[in-house]
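Data block for upload-v6.cif (mmCIF, C-alpha atoms):
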data_coords
#
loop_
_atom_site.label_atom_id
_atom_site.label_comp_id
_atom_site.auth_asym_id
_atom_site.auth_seq_id
_atom_site.Cartn_x
_atom_site.Cartn_y
_atom_site.Cartn_z
CA MET A 1 69.60 8.10 -59.38
CA ASN A 2 69.60 6.04 -56.23
CA THR A 3 68.05 8.90 -54.29
CA ARG A 4 65.31 9.30 -56.88
CA LEU A 5 64.61 5.58 -56.84
CA ARG A 6 64.44 5.57 -53.06
CA THR A 7 62.15 8.60 -53.09
CA ALA A 8 59.90 6.99 -55.71
CA PHE A 9 59.81 3.78 -53.69
CA LEU A 10 58.93 5.61 -50.47
CA ALA A 11 56.29 7.67 -52.25
CA SER A 12 54.74 4.51 -53.73
CA LEU A 13 54.76 2.91 -50.31
CA VAL A 14 53.00 5.90 -48.74
CA LEU A 15 50.41 5.93 -51.55
CA LEU A 16 49.83 2.19 -51.14
CA THR A 17 49.27 2.51 -47.40
CA HIS A 18 46.66 5.20 -48.10
CA SER A 19 44.71 3.11 -50.60
CA GLN A 20 40.94 3.28 -50.25
CA ILE A 21 37.90 1.57 -51.73
CA ALA A 22 37.22 2.52 -55.34
CA ASP A 23 33.60 3.55 -55.89
CA ALA A 24 33.68 3.37 -59.65
CA HIS A 25 31.66 0.40 -60.80
CA ILE A 26 28.71 -0.05 -63.12
CA VAL A 27 25.92 0.19 -60.56
CA SER A 28 24.67 3.45 -62.01
CA ALA A 29 25.56 2.64 -65.63
CA ARG A 30 24.19 -0.21 -67.81
CA LEU A 31 21.81 -2.55 -65.95
CA GLY A 32 21.95 -0.08 -63.05
CA ASP A 33 18.32 -0.70 -62.13
CA PHE A 34 18.92 -4.44 -61.91
CA TYR A 35 21.79 -3.83 -59.51
CA ALA A 36 19.75 -1.28 -57.59
CA GLY A 37 16.98 -3.86 -57.09
CA ALA A 38 19.45 -6.55 -56.07
CA LEU A 39 21.58 -4.40 -53.79
CA HIS A 40 18.95 -2.29 -52.01
CA PRO A 41 17.64 -5.12 -49.77
CA LEU A 42 21.17 -6.32 -49.07
CA MET A 43 22.07 -2.86 -47.76
CA THR A 44 19.06 -2.79 -45.41
CA LEU A 45 19.59 -4.58 -42.13
CA GLN A 46 15.87 -5.36 -41.66
CA ASP A 47 15.79 -7.16 -45.02
CA VAL A 48 19.00 -9.06 -44.38
CA LEU A 49 17.78 -10.17 -40.96
CA ILE A 50 14.27 -11.19 -42.05
CA TRP A 51 15.45 -12.97 -45.21
CA ALA A 52 18.20 -14.83 -43.37
CA ALA A 53 15.83 -15.83 -40.55
CA LEU A 54 13.27 -17.10 -43.10
CA GLY A 55 15.96 -19.12 -44.91
CA LEU A 56 17.12 -20.54 -41.60
CA LEU A 57 13.54 -21.46 -40.65
CA ALA A 58 13.01 -23.21 -43.97
CA GLY A 59 16.33 -25.04 -43.64
CA SER A 60 15.63 -26.07 -40.07
CA ILE A 61 12.37 -27.79 -41.08
CA SER A 62 13.26 -29.93 -44.10
CA ALA A 63 14.45 -29.70 -47.68
CA ALA A 64 11.09 -30.98 -48.94
CA SER A 65 9.20 -28.14 -47.23
CA GLY A 66 11.83 -25.47 -47.72
CA ARG A 67 12.37 -25.82 -51.46
CA TRP A 68 8.97 -24.26 -52.12
CA LEU A 69 10.27 -20.99 -50.69
CA VAL A 70 12.85 -20.72 -53.46
CA LEU A 71 9.92 -19.92 -55.76
CA VAL A 72 7.32 -18.47 -53.37
CA PHE A 73 9.49 -15.83 -51.67
CA PRO A 74 10.79 -14.10 -54.85
CA LEU A 75 7.22 -14.15 -56.21
CA GLY A 76 6.05 -12.47 -52.99
CA LEU A 77 8.75 -9.82 -53.39
CA CYS A 78 7.60 -9.07 -56.95
CA ALA A 79 3.95 -8.99 -55.83
CA GLY A 80 4.79 -6.56 -53.03
CA LEU A 81 6.75 -4.35 -55.41
CA ALA A 82 3.88 -4.35 -57.92
CA LEU A 83 1.27 -3.64 -55.24
CA ALA A 84 3.32 -0.75 -53.85
CA ALA A 85 3.95 0.72 -57.30
CA HIS A 86 0.40 0.41 -58.66
CA ALA A 87 -1.99 0.00 -55.73
CA GLY A 88 -0.16 2.26 -53.27
CA LEU A 89 0.58 -0.46 -50.71
CA GLY A 90 2.41 1.33 -47.92
CA THR A 91 5.47 0.30 -45.99
CA PRO A 92 4.78 -1.38 -42.63
CA SER A 93 5.52 0.43 -39.40
CA PRO A 94 8.76 -0.34 -37.52
CA LEU A 95 6.68 -2.14 -34.88
CA ILE A 96 5.40 -4.62 -37.51
CA ASP A 97 8.99 -5.15 -38.70
CA ALA A 98 10.02 -5.84 -35.11
CA ALA A 99 7.09 -8.20 -34.53
CA THR A 100 7.98 -10.08 -37.73
CA ILE A 101 11.57 -10.59 -36.57
CA LEU A 102 10.37 -11.61 -33.10
CA VAL A 103 7.88 -14.18 -34.46
CA LEU A 104 10.45 -15.66 -36.89
CA GLY A 105 12.92 -15.97 -34.01
CA LEU A 106 10.35 -17.61 -31.75
CA LEU A 107 9.40 -20.09 -34.50
CA LEU A 108 13.07 -21.02 -34.77
CA VAL A 109 13.40 -21.36 -30.98
CA ALA A 110 10.28 -23.54 -30.74
CA ALA A 111 11.57 -25.81 -33.55
CA LEU A 112 8.01 -26.45 -34.65
CA ARG A 113 7.29 -28.66 -37.65
CA ILE A 114 5.37 -26.03 -39.62
CA PRO A 115 3.17 -27.45 -42.43
CA VAL A 116 4.35 -26.62 -45.96
CA ALA A 117 1.25 -24.57 -46.78
CA LEU A 118 1.66 -22.39 -43.69
CA LEU A 119 5.40 -21.93 -44.36
CA CYS A 120 4.63 -20.86 -47.94
CA LEU A 121 1.96 -18.46 -46.69
CA ILE A 122 4.39 -16.90 -44.20
CA ALA A 123 7.08 -16.61 -46.89
CA PHE A 124 4.69 -15.04 -49.40
CA ALA A 125 3.36 -12.54 -46.83
CA LEU A 126 6.91 -11.59 -45.84
CA GLY A 127 7.84 -11.28 -49.51
CA VAL A 128 4.93 -8.92 -50.16
CA MET A 129 5.86 -6.84 -47.09
CA ARG A 130 9.54 -6.54 -47.96
CA GLY A 131 8.78 -6.02 -51.67
CA ALA A 132 6.59 -3.04 -50.74
CA VAL A 133 9.36 -1.63 -48.54
CA ASN A 134 11.89 -1.95 -51.36
CA ALA A 135 9.55 -0.11 -53.72
CA GLY A 136 10.50 3.06 -51.85
CA GLU A 137 13.61 3.28 -54.06
CA LEU A 138 11.60 3.31 -57.32
CA LEU A 139 11.96 6.59 -59.22
CA PRO A 140 9.95 7.66 -62.29
CA GLN A 141 12.95 6.92 -64.53
CA THR A 142 13.62 3.49 -62.94
CA ASP A 143 13.15 0.49 -65.21
CA ARG A 144 10.69 -1.42 -62.99
CA LEU A 145 11.15 -4.75 -64.73
CA LEU A 146 14.91 -4.68 -64.21
CA TYR A 147 14.48 -3.52 -60.61
CA ALA A 148 11.98 -6.34 -59.91
CA ALA A 149 14.30 -8.88 -61.58
CA GLY A 150 17.17 -7.71 -59.38
CA LEU A 151 15.06 -7.84 -56.23
CA ALA A 152 13.68 -11.31 -57.04
CA SER A 153 17.18 -12.59 -57.86
CA ALA A 154 18.54 -11.31 -54.56
CA GLY A 155 15.63 -12.94 -52.71
CA TYR A 156 16.17 -16.22 -54.54
CA VAL A 157 19.93 -16.24 -53.87
CA VAL A 158 19.67 -15.33 -50.17
CA ILE A 159 16.88 -17.80 -49.36
CA THR A 160 18.53 -20.62 -51.31
CA LEU A 161 21.99 -20.09 -49.82
CA VAL A 162 20.85 -19.68 -46.21
CA MET A 163 18.50 -22.65 -46.48
CA ALA A 164 21.24 -24.79 -48.01
CA LEU A 165 23.65 -23.75 -45.25
CA ALA A 166 21.10 -24.60 -42.55
CA LEU A 167 20.29 -27.95 -44.19
CA SER A 168 23.92 -28.98 -44.53
CA PHE A 169 24.61 -27.84 -40.95
CA ARG A 170 21.63 -29.80 -39.58
CA ARG A 171 22.53 -32.92 -41.59
CA PRO A 172 21.23 -35.58 -41.12
CA GLU A 173 17.77 -34.10 -41.37
CA THR A 174 16.38 -36.78 -39.10
CA ALA A 175 18.65 -35.75 -36.20
CA ALA A 176 16.80 -34.69 -33.07
CA VAL A 177 16.33 -30.97 -32.47
CA SER A 178 18.04 -31.59 -29.13
CA SER A 179 21.34 -32.49 -30.88
CA TRP A 180 23.99 -29.78 -30.53
CA ARG A 181 23.49 -28.72 -34.14
CA GLY A 182 19.75 -28.34 -33.56
CA ILE A 183 20.47 -26.40 -30.37
CA ALA A 184 22.86 -24.07 -32.25
CA VAL A 185 20.13 -23.28 -34.81
CA ARG A 186 17.63 -22.67 -31.98
CA ALA A 187 20.16 -20.46 -30.17
CA VAL A 188 20.48 -18.32 -33.32
CA GLY A 189 16.66 -18.18 -33.29
CA GLY A 190 16.88 -16.90 -29.72
CA TRP A 191 19.26 -14.16 -30.90
CA VAL A 192 16.89 -13.22 -33.75
CA ALA A 193 13.92 -13.07 -31.36
CA ALA A 194 15.96 -10.96 -28.91
CA ILE A 195 16.83 -8.50 -31.69
CA GLY A 196 13.12 -8.34 -32.64
CA LEU A 197 12.16 -7.67 -29.03
CA MET A 198 14.74 -4.89 -28.78
CA MET A 199 13.50 -3.38 -32.04
CA ALA A 200 9.94 -3.44 -30.70
CA GLY A 201 11.12 -1.55 -27.63
CA LEU A 202 12.93 0.97 -29.80
CA SER A 203 9.88 1.56 -31.96
CA LEU A 204 7.79 2.16 -28.83
CA ALA A 205 10.39 4.48 -27.26
CA PRO A 206 9.30 8.11 -26.84
CA MET B 207 74.87 14.60 -48.01
CA THR B 208 73.04 11.91 -46.01
CA CYS B 209 71.19 14.59 -44.08
CA ARG B 210 70.04 16.14 -47.35
CA LYS B 211 68.75 12.79 -48.61
CA ILE B 212 66.80 12.23 -45.41
CA MET B 213 65.32 15.72 -45.67
CA HIS B 214 64.38 15.08 -49.30
CA SER B 215 62.66 11.79 -48.46
CA THR B 216 60.86 13.26 -45.46
CA ALA B 217 59.57 16.19 -47.52
CA THR B 218 58.27 13.82 -50.21
CA ILE B 219 56.51 11.60 -47.67
CA ALA B 220 55.01 14.64 -45.95
CA LEU B 221 53.71 15.94 -49.29
CA PHE B 222 52.10 12.63 -50.27
CA THR B 223 50.64 12.15 -46.79
CA ALA B 224 49.12 15.62 -46.90
CA LEU B 225 47.71 15.06 -50.40
CA SER B 226 46.15 11.71 -49.55
CA ALA B 227 44.68 12.76 -46.20
CA SER B 228 41.15 11.50 -45.45
CA PRO B 229 38.68 12.73 -42.79
CA SER B 230 39.31 11.41 -39.29
CA LEU B 231 36.45 9.45 -37.72
CA ALA B 232 37.48 9.54 -34.10
CA HIS B 233 34.22 10.35 -32.40
CA GLU B 234 30.97 8.56 -31.61
CA GLN B 235 30.30 6.01 -34.33
CA SER B 236 27.21 6.39 -36.46
CA GLY B 237 25.23 4.45 -39.05
CA VAL B 238 24.90 0.69 -39.43
CA GLY B 239 28.65 0.03 -39.11
CA GLY B 240 28.90 2.25 -36.06
CA GLY B 241 25.83 0.68 -34.46
CA LEU B 242 27.15 -2.82 -35.05
CA ALA B 243 30.58 -1.93 -33.68
CA SER B 244 29.08 -0.19 -30.62
CA GLY B 245 26.75 -3.12 -29.93
CA LEU B 246 29.51 -5.71 -30.35
CA LEU B 247 31.95 -3.79 -28.18
CA HIS B 248 29.55 -2.74 -25.42
CA PRO B 249 29.41 -6.12 -23.62
CA LEU B 250 33.13 -6.67 -24.27
CA THR B 251 34.44 -3.34 -23.00
CA GLY B 252 32.51 -3.38 -19.71
CA LEU B 253 34.39 -5.88 -17.56
CA ASP B 254 31.46 -6.25 -15.13
CA HIS B 255 29.19 -7.36 -18.00
CA LEU B 256 31.85 -9.52 -19.63
CA VAL B 257 32.70 -11.64 -16.56
CA ALA B 258 29.03 -12.15 -15.66
CA MET B 259 28.15 -13.35 -19.18
CA VAL B 260 31.07 -15.77 -19.23
CA ALA B 261 30.11 -17.01 -15.74
CA VAL B 262 26.56 -17.74 -16.94
CA GLY B 263 27.98 -19.99 -19.68
CA ILE B 264 30.35 -21.79 -17.28
CA TRP B 265 27.64 -22.30 -14.66
CA GLY B 266 25.25 -23.63 -17.30
CA ALA B 267 27.92 -26.12 -18.41
CA GLN B 268 28.56 -27.14 -14.78
CA LEU B 269 24.85 -27.66 -14.09
CA GLY B 270 24.56 -29.72 -17.29
CA GLY B 271 21.30 -31.25 -18.52
CA ALA B 272 18.73 -28.76 -19.73
CA ALA B 273 20.72 -25.77 -18.42
CA ILE B 274 23.43 -26.08 -21.05
CA TRP B 275 20.98 -25.55 -23.91
CA VAL B 276 18.16 -23.55 -22.31
CA LEU B 277 20.48 -20.76 -21.17
CA PRO B 278 21.96 -19.80 -24.56
CA ILE B 279 18.48 -19.93 -26.14
CA VAL B 280 16.44 -18.11 -23.50
CA PHE B 281 19.02 -15.79 -21.91
CA PRO B 282 19.27 -13.37 -24.90
CA LEU B 283 15.48 -13.04 -24.88
CA VAL B 284 15.33 -12.20 -21.17
CA MET B 285 18.23 -9.79 -21.59
CA ALA B 286 16.47 -8.13 -24.53
CA PHE B 287 13.41 -7.71 -22.29
CA GLY B 288 15.66 -5.87 -19.81
CA ALA B 289 17.05 -3.78 -22.68
CA VAL B 290 13.49 -2.80 -23.66
CA LEU B 291 12.92 -1.58 -20.08
CA GLY B 292 16.11 0.47 -20.37
CA ILE B 293 15.14 1.88 -23.76
CA LEU B 294 11.71 2.88 -22.42
CA HIS B 295 13.43 4.54 -19.41
CA ILE B 296 11.65 2.27 -16.93
CA GLY B 297 13.92 2.43 -13.90
CA LEU B 298 15.19 -0.55 -11.92
CA PRO B 299 16.38 -0.32 -8.31
CA VAL B 300 20.17 -0.03 -7.75
CA PRO B 301 21.20 -1.39 -11.18
CA GLU B 302 24.97 -0.93 -10.71
CA LEU B 303 24.83 -2.79 -7.39
CA VAL B 304 22.91 -5.76 -8.83
CA ILE B 305 25.24 -5.97 -11.86
CA ALA B 306 28.27 -6.06 -9.55
CA LEU B 307 26.49 -8.60 -7.33
CA SER B 308 25.84 -10.80 -10.40
CA GLY B 309 29.59 -11.19 -11.00
CA LEU B 310 30.18 -12.03 -7.34
CA ILE B 311 27.32 -14.55 -7.02
CA LEU B 312 27.82 -16.27 -10.39
CA GLY B 313 31.59 -16.40 -9.81
CA LEU B 314 31.06 -17.99 -6.38
CA ALA B 315 28.55 -20.45 -7.84
CA VAL B 316 31.18 -21.56 -10.37
CA ALA B 317 34.09 -21.59 -7.88
CA LEU B 318 32.15 -23.57 -5.25
CA ARG B 319 30.37 -25.75 -7.84
CA VAL B 320 27.00 -24.79 -6.35
CA ARG B 321 24.26 -27.10 -7.57
CA VAL B 322 20.72 -25.77 -7.32
CA PRO B 323 17.50 -26.97 -9.00
CA PHE B 324 17.28 -25.81 -12.62
CA ALA B 325 14.28 -23.54 -11.93
CA ALA B 326 16.17 -21.73 -9.16
CA ALA B 327 19.27 -21.28 -11.37
CA ALA B 328 17.10 -20.00 -14.23
CA GLY B 329 15.36 -17.55 -11.86
CA ILE B 330 18.66 -16.17 -10.52
CA ILE B 331 20.12 -15.79 -14.00
CA ALA B 332 16.91 -14.23 -15.37
CA ILE B 333 17.00 -11.49 -12.72
CA PHE B 334 20.64 -10.70 -13.50
CA ALA B 335 19.91 -10.83 -17.26
CA ILE B 336 17.21 -8.19 -16.89
CA PHE B 337 19.61 -5.85 -15.07
CA HIS B 338 22.44 -6.37 -17.57
CA GLY B 339 20.03 -5.88 -20.49
CA HIS B 340 18.63 -2.75 -18.83
CA ALA B 341 22.13 -1.23 -18.64
CA HIS B 342 22.78 -1.98 -22.33
CA GLY B 343 19.40 -0.57 -23.37
CA ALA B 344 19.76 2.58 -21.30
CA GLU B 345 23.25 3.24 -22.72
CA LEU B 346 22.13 2.91 -26.36
CA PRO B 347 24.25 5.45 -28.28
CA GLY B 348 22.09 8.17 -29.83
CA SER B 349 23.78 8.38 -33.22
CA ALA B 350 24.18 4.64 -33.85
CA ASN B 351 21.73 2.59 -35.90
CA PRO B 352 19.54 1.01 -33.17
CA LEU B 353 18.87 -2.25 -35.04
CA ALA B 354 22.57 -2.69 -35.79
CA TYR B 355 23.37 -1.94 -32.14
CA GLY B 356 20.84 -4.61 -31.05
CA CYS B 357 22.34 -7.17 -33.48
CA GLY B 358 25.86 -6.50 -32.24
CA PHE B 359 24.88 -6.55 -28.59
CA VAL B 360 22.92 -9.83 -28.84
CA VAL B 361 25.62 -11.57 -30.89
CA ALA B 362 28.42 -10.44 -28.53
CA THR B 363 26.42 -11.66 -25.53
CA GLY B 364 25.73 -15.02 -27.20
CA LEU B 365 29.40 -15.44 -28.07
CA LEU B 366 30.39 -14.68 -24.47
CA HIS B 367 28.03 -17.45 -23.33
CA ALA B 368 29.59 -19.79 -25.89
CA CYS B 369 32.98 -18.81 -24.48
CA GLY B 370 31.75 -19.71 -20.97
CA ILE B 371 30.31 -23.05 -22.14
CA THR B 372 33.64 -23.84 -23.82
CA ILE B 373 35.50 -23.07 -20.58
CA GLY B 374 32.97 -25.31 -18.81
CA ALA B 375 33.85 -28.14 -21.22
CA LEU B 376 37.37 -28.16 -19.72
CA ALA B 377 35.89 -30.29 -16.93
CA ARG B 378 36.24 -33.32 -19.23
CA TRP B 379 40.03 -33.18 -18.88
CA PRO B 380 42.00 -34.03 -15.73
CA GLY B 381 42.57 -30.90 -13.71
CA GLY B 382 40.06 -28.99 -15.84
CA GLU B 383 37.64 -28.64 -12.96
CA ARG B 384 40.34 -26.88 -10.90
CA ILE B 385 40.95 -24.42 -13.73
CA ILE B 386 37.20 -23.73 -13.96
CA GLN B 387 36.98 -23.17 -10.22
CA GLY B 388 39.98 -20.82 -10.48
CA VAL B 389 38.24 -18.85 -13.24
CA GLY B 390 35.11 -18.74 -11.05
CA ALA B 391 37.14 -17.42 -8.12
CA ALA B 392 38.69 -14.72 -10.33
CA ILE B 393 35.20 -13.70 -11.55
CA ALA B 394 33.94 -13.59 -7.95
CA ALA B 395 36.92 -11.42 -6.94
CA LEU B 396 36.20 -9.01 -9.79
CA GLY B 397 32.51 -8.99 -8.86
CA GLY B 398 33.50 -8.20 -5.27
CA TYR B 399 35.70 -5.33 -6.46
CA PHE B 400 32.87 -3.91 -8.58
CA LEU B 401 30.48 -4.30 -5.65
CA VAL B 402 32.78 -2.34 -3.34
CA ALA B 403 33.30 0.27 -6.06
CA SER B 404 29.56 0.70 -6.63
CA LEU B 405 28.93 0.94 -2.89
CA GLY B 406 31.68 3.56 -2.71
CA VAL B 407 30.00 5.56 -5.45
CA ALA B 408 26.61 5.22 -3.78
CA ALA B 409 27.91 6.34 -0.37
#
Can the structure in the file be given as structure tokens, please?
Amino acid sequence: MNTRLRTAFLASLVLLTHSQIADAHIVSARLGDFYAGALHPLMTLQDVLIWAALGLLAGSISAASGRWLVLVFPLGLCAGLALAAHAGLGTPSPLIDAATILVLGLLLVAALRIPVALLCLIAFALGVMRGAVNAGELLPQTDRLLYAAGLASAGYVVITLVMALALSFRRPETAAVSSWRGIAVRAVGGWVAAIGLMMAGLSLAP
Amino acid sequence: MTCRKIMHSTATIALFTALSASPSLAHEQSGVGGGLASGLLHPLTGLDHLVAMVAVGIWGAQLGGAAIWVLPIVFPLVMAFGAVLGILHIGLPVPELVIALSGLILGLAVALRVRVPFAAAAGIIAIFAIFHGHAHGAELPGSANPLAYGCGFVVATGLLHACGITIGALARWPGGERIIQGVGAAIAALGGYFLVASLGVAA
């Protein structure tokens, strides 16, 4: 009996050490299209980078200016998705993606006080662009409303969380951009711009 | 009896191990995860790059003033410009030599507490940044996700600068300056070794 117990214990131990990720959730079952819309941008590095940089930019300006993006950016995503699905709006070239990342990074580095209207315009344009890119996953059988709801929710959550993080990090809002917290945000902007520059080079490579 | 038990246990373990085997991923990494890992590890696994990046941070902290904040913001951009040159296969003269020289010169600057005008320091560092970036760009792994590689490479470089600035902050404590100068001397010695090695290869 002792031998069997020991064997069972060792076997369990070996099985435990070989445990792997279970891929058995409800993504492709009920509400699958909602999850598809929410997860697709989060699995794409370009989306993650652009969304996070936009949230950081909004948070580095002020809460009063940034809170508009919570509404404007998800609306832009839905508009882009609708335009791609119905009007055939194409996906931008990798060079435009790279230029977008570069410009967002440079805006963060410069620590400019961008007017609210311009910030909203930038956010809406980026939303339309990324919404159109994410429309590439739409299939004839996809429930477009659920997919759009998922995409907009993901956009809302990412922008809100990153902006809130940036705002609480920069607190107090009136602190000079030359304080170490302001410099840290600008340094991250420098990283974002550097990544954009590298991407531009890669898209131009033969 | 004991031998039989051991054999029994070993056979069971072998059976379960064989049944739960998964594919081995021991070659060049691919995809987003692979690109990120390659980019993060590239500046860390090349000692010549690593010491130079840390030295930039320490020197910036020693120079103080604008240098301490301009360097971490602008350096990644200049380095990315060098990476673009590498990606586009635009050659630079004697890259290995200049990279080795960067460790030696920056290490000496830290060890001897060399103080130069900010513009001169920025110029020296910018030249070295272009060469380091060029090496990273030219060595971009083919199968890795390029954007992920770029993210990893830029973040690793930025963190190495932060590491250097933190070492530079030791100057606030008694004896800290001596430690910094010692680190600078060690970096210069490594740079000298790499310089001799690259000259040996070139000869």
Please identify all residues of chain A having at least one atom at most 8 Å from any atom of chain B, considering all atoms listed in the file, and return them as a ChimeraX atom specification.
/A:3,6-7,10-11,14-15,18,45-46,109,183,186-191,193-195,197-202,204-206
Output file for the selection above: C-alpha atoms, as a PDB file, keeping the file's coordinate frame:
ATOM      1  CA  THR A   3      68.050   8.900 -54.290  1.00  0.00           C
ATOM      2  CA  ARG A   6      64.440   5.570 -53.060  1.00  0.00           C
ATOM      3  CA  THR A   7      62.150   8.600 -53.090  1.00  0.00           C
ATOM      4  CA  LEU A  10      58.930   5.610 -50.470  1.00  0.00           C
ATOM      5  CA  ALA A  11      56.290   7.670 -52.250  1.00  0.00           C
ATOM      6  CA  VAL A  14      53.000   5.900 -48.740  1.00  0.00           C
ATOM      7  CA  LEU A  15      50.410   5.930 -51.550  1.00  0.00           C
ATOM      8  CA  HIS A  18      46.660   5.200 -48.100  1.00  0.00           C
ATOM      9  CA  LEU A  45      19.590  -4.580 -42.130  1.00  0.00           C
ATOM     10  CA  GLN A  46      15.870  -5.360 -41.660  1.00  0.00           C
ATOM     11  CA  VAL A 109      13.400 -21.360 -30.980  1.00  0.00           C
ATOM     12  CA  ILE A 183      20.470 -26.400 -30.370  1.00  0.00           C
ATOM     13  CA  ARG A 186      17.630 -22.670 -31.980  1.00  0.00           C
ATOM     14  CA  ALA A 187      20.160 -20.460 -30.170  1.00  0.00           C
ATOM     15  CA  VAL A 188      20.480 -18.320 -33.320  1.00  0.00           C
ATOM     16  CA  GLY A 189      16.660 -18.180 -33.290  1.00  0.00           C
ATOM     17  CA  GLY A 190      16.880 -16.900 -29.720  1.00  0.00           C
ATOM     18  CA  TRP A 191      19.260 -14.160 -30.900  1.00  0.00           C
ATOM     19  CA  ALA A 193      13.920 -13.070 -31.360  1.00  0.00           C
ATOM     20  CA  ALA A 194      15.960 -10.960 -28.910  1.00  0.00           C
ATOM     21  CA  ILE A 195      16.830  -8.500 -31.690  1.00  0.00           C
ATOM     22  CA  LEU A 197      12.160  -7.670 -29.030  1.00  0.00           C
ATOM     23  CA  MET A 198      14.740  -4.890 -28.780  1.00  0.00           C
ATOM     24  CA  MET A 199      13.500  -3.380 -32.040  1.00  0.00           C
ATOM     25  CA  ALA A 200       9.940  -3.440 -30.700  1.00  0.00           C
ATOM     26  CA  GLY A 201      11.120  -1.550 -27.630  1.00  0.00           C
ATOM     27  CA  LEU A 202      12.930   0.970 -29.800  1.00  0.00           C
ATOM     28  CA  LEU A 204       7.790   2.160 -28.830  1.00  0.00           C
ATOM     29  CA  ALA A 205      10.390   4.480 -27.260  1.00  0.00           C
ATOM     30  CA  PRO A 206       9.300   8.110 -26.840  1.00  0.00           C
TER      31      PRO A 206
END
Have a look at atom CA of B:Gln387 and atom CA of B:His340 and let me know their distance in Å, one decimal.
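Computed distance, atom CA of B:Gln387 to atom CA of B:His340, equals 28.8 Å.
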Written as a ChimeraX atom specification, which residues does the PyMOL selection byres ((chain B and resi 394-404) around 9) give for the file shown?
/B:253-254,257-258,302-317,389-393,405-409
From the set B:His342, B:Arg319, B:His367, B:His255, which residue has the shortest atom-to-atom contact distance to B:Glu383, counting all atoms listed in the file?
B:Arg319
Can you measure atom CA of A:Ala38 to atom CA of A:Ala52 for me? One decimal in Å is fine.
15.2 Å
Selection dump of the PyMOL selection byres ((chain B and resi 371) around 8), as a list in words
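Applied to this file, the PyMOL selection byres ((chain B and resi 371) around 8) returns Val260, Gly263, Ile264, Trp265, Gly266, Ala267, Ile274, His367, Ala368, Cys369, Gly370, Thr372, Ile373, Gly374 and Ala375 of chain B.
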Using the chain letters and numbers from the file, which residues does the PyMOL selection byres ((chain A and resi 89) around 12) grab, as number ranges by chain?
A: 79-88, 90-92, 128-136
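Interatomic distance, atom CA of A:Ala184 to atom CA of A:Ala63: 18.5 Å.
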Can you report as AutoDock Vina command-line options the centre and edge lengths in Å, to one decimal, of an axis-aligned box around the listed atoms of stretch 91-94 of chain A padded with 3 Å on each side?
--center_x 6.8 --center_y -0.5 --center_z -41.8 --size_x 10.0 --size_y 7.8 --size_z 14.5
Within 8 Å of A:Gly150, counting only C-alpha atoms, which residues show up once you throw out same-chain ones fewer than 5 positions away? Write them as a list in words, please.
Asp33, Phe34, Tyr35, Ala36, Gly37, Ala38 and Leu39 of chain A
Near-A:Ala166 list (9 Å; all atoms listed in the file; drop same-chain fewer than 3 positions) as a list in words:
Gly55, Leu56, Leu57, Ala58, Gly59, Ser60, Leu161, Val162, Met163, Phe169, Arg170, Arg171 and Val185 of chain A
Could those residues be written to a file, using C-alpha atoms, as an mmCIF file, keeping the file's coordinate frame?
data_model
loop_
_atom_site.group_PDB
_atom_site.id
_atom_site.type_symbol
_atom_site.label_atom_id
_atom_site.label_comp_id
_atom_site.auth_asym_id
_atom_site.auth_seq_id
_atom_site.Cartn_x
_atom_site.Cartn_y
_atom_site.Cartn_z
ATOM 1 C CA GLY A 55 15.960 -19.120 -44.910
ATOM 2 C CA LEU A 56 17.120 -20.540 -41.600
ATOM 3 C CA LEU A 57 13.540 -21.460 -40.650
ATOM 4 C CA ALA A 58 13.010 -23.210 -43.970
ATOM 5 C CA GLY A 59 16.330 -25.040 -43.640
ATOM 6 C CA SER A 60 15.630 -26.070 -40.070
ATOM 7 C CA LEU A 161 21.990 -20.090 -49.820
ATOM 8 C CA VAL A 162 20.850 -19.680 -46.210
ATOM 9 C CA MET A 163 18.500 -22.650 -46.480
ATOM 10 C CA PHE A 169 24.610 -27.840 -40.950
ATOM 11 C CA ARG A 170 21.630 -29.800 -39.580
ATOM 12 C CA ARG A 171 22.530 -32.920 -41.590
ATOM 13 C CA VAL A 185 20.130 -23.280 -34.810
#
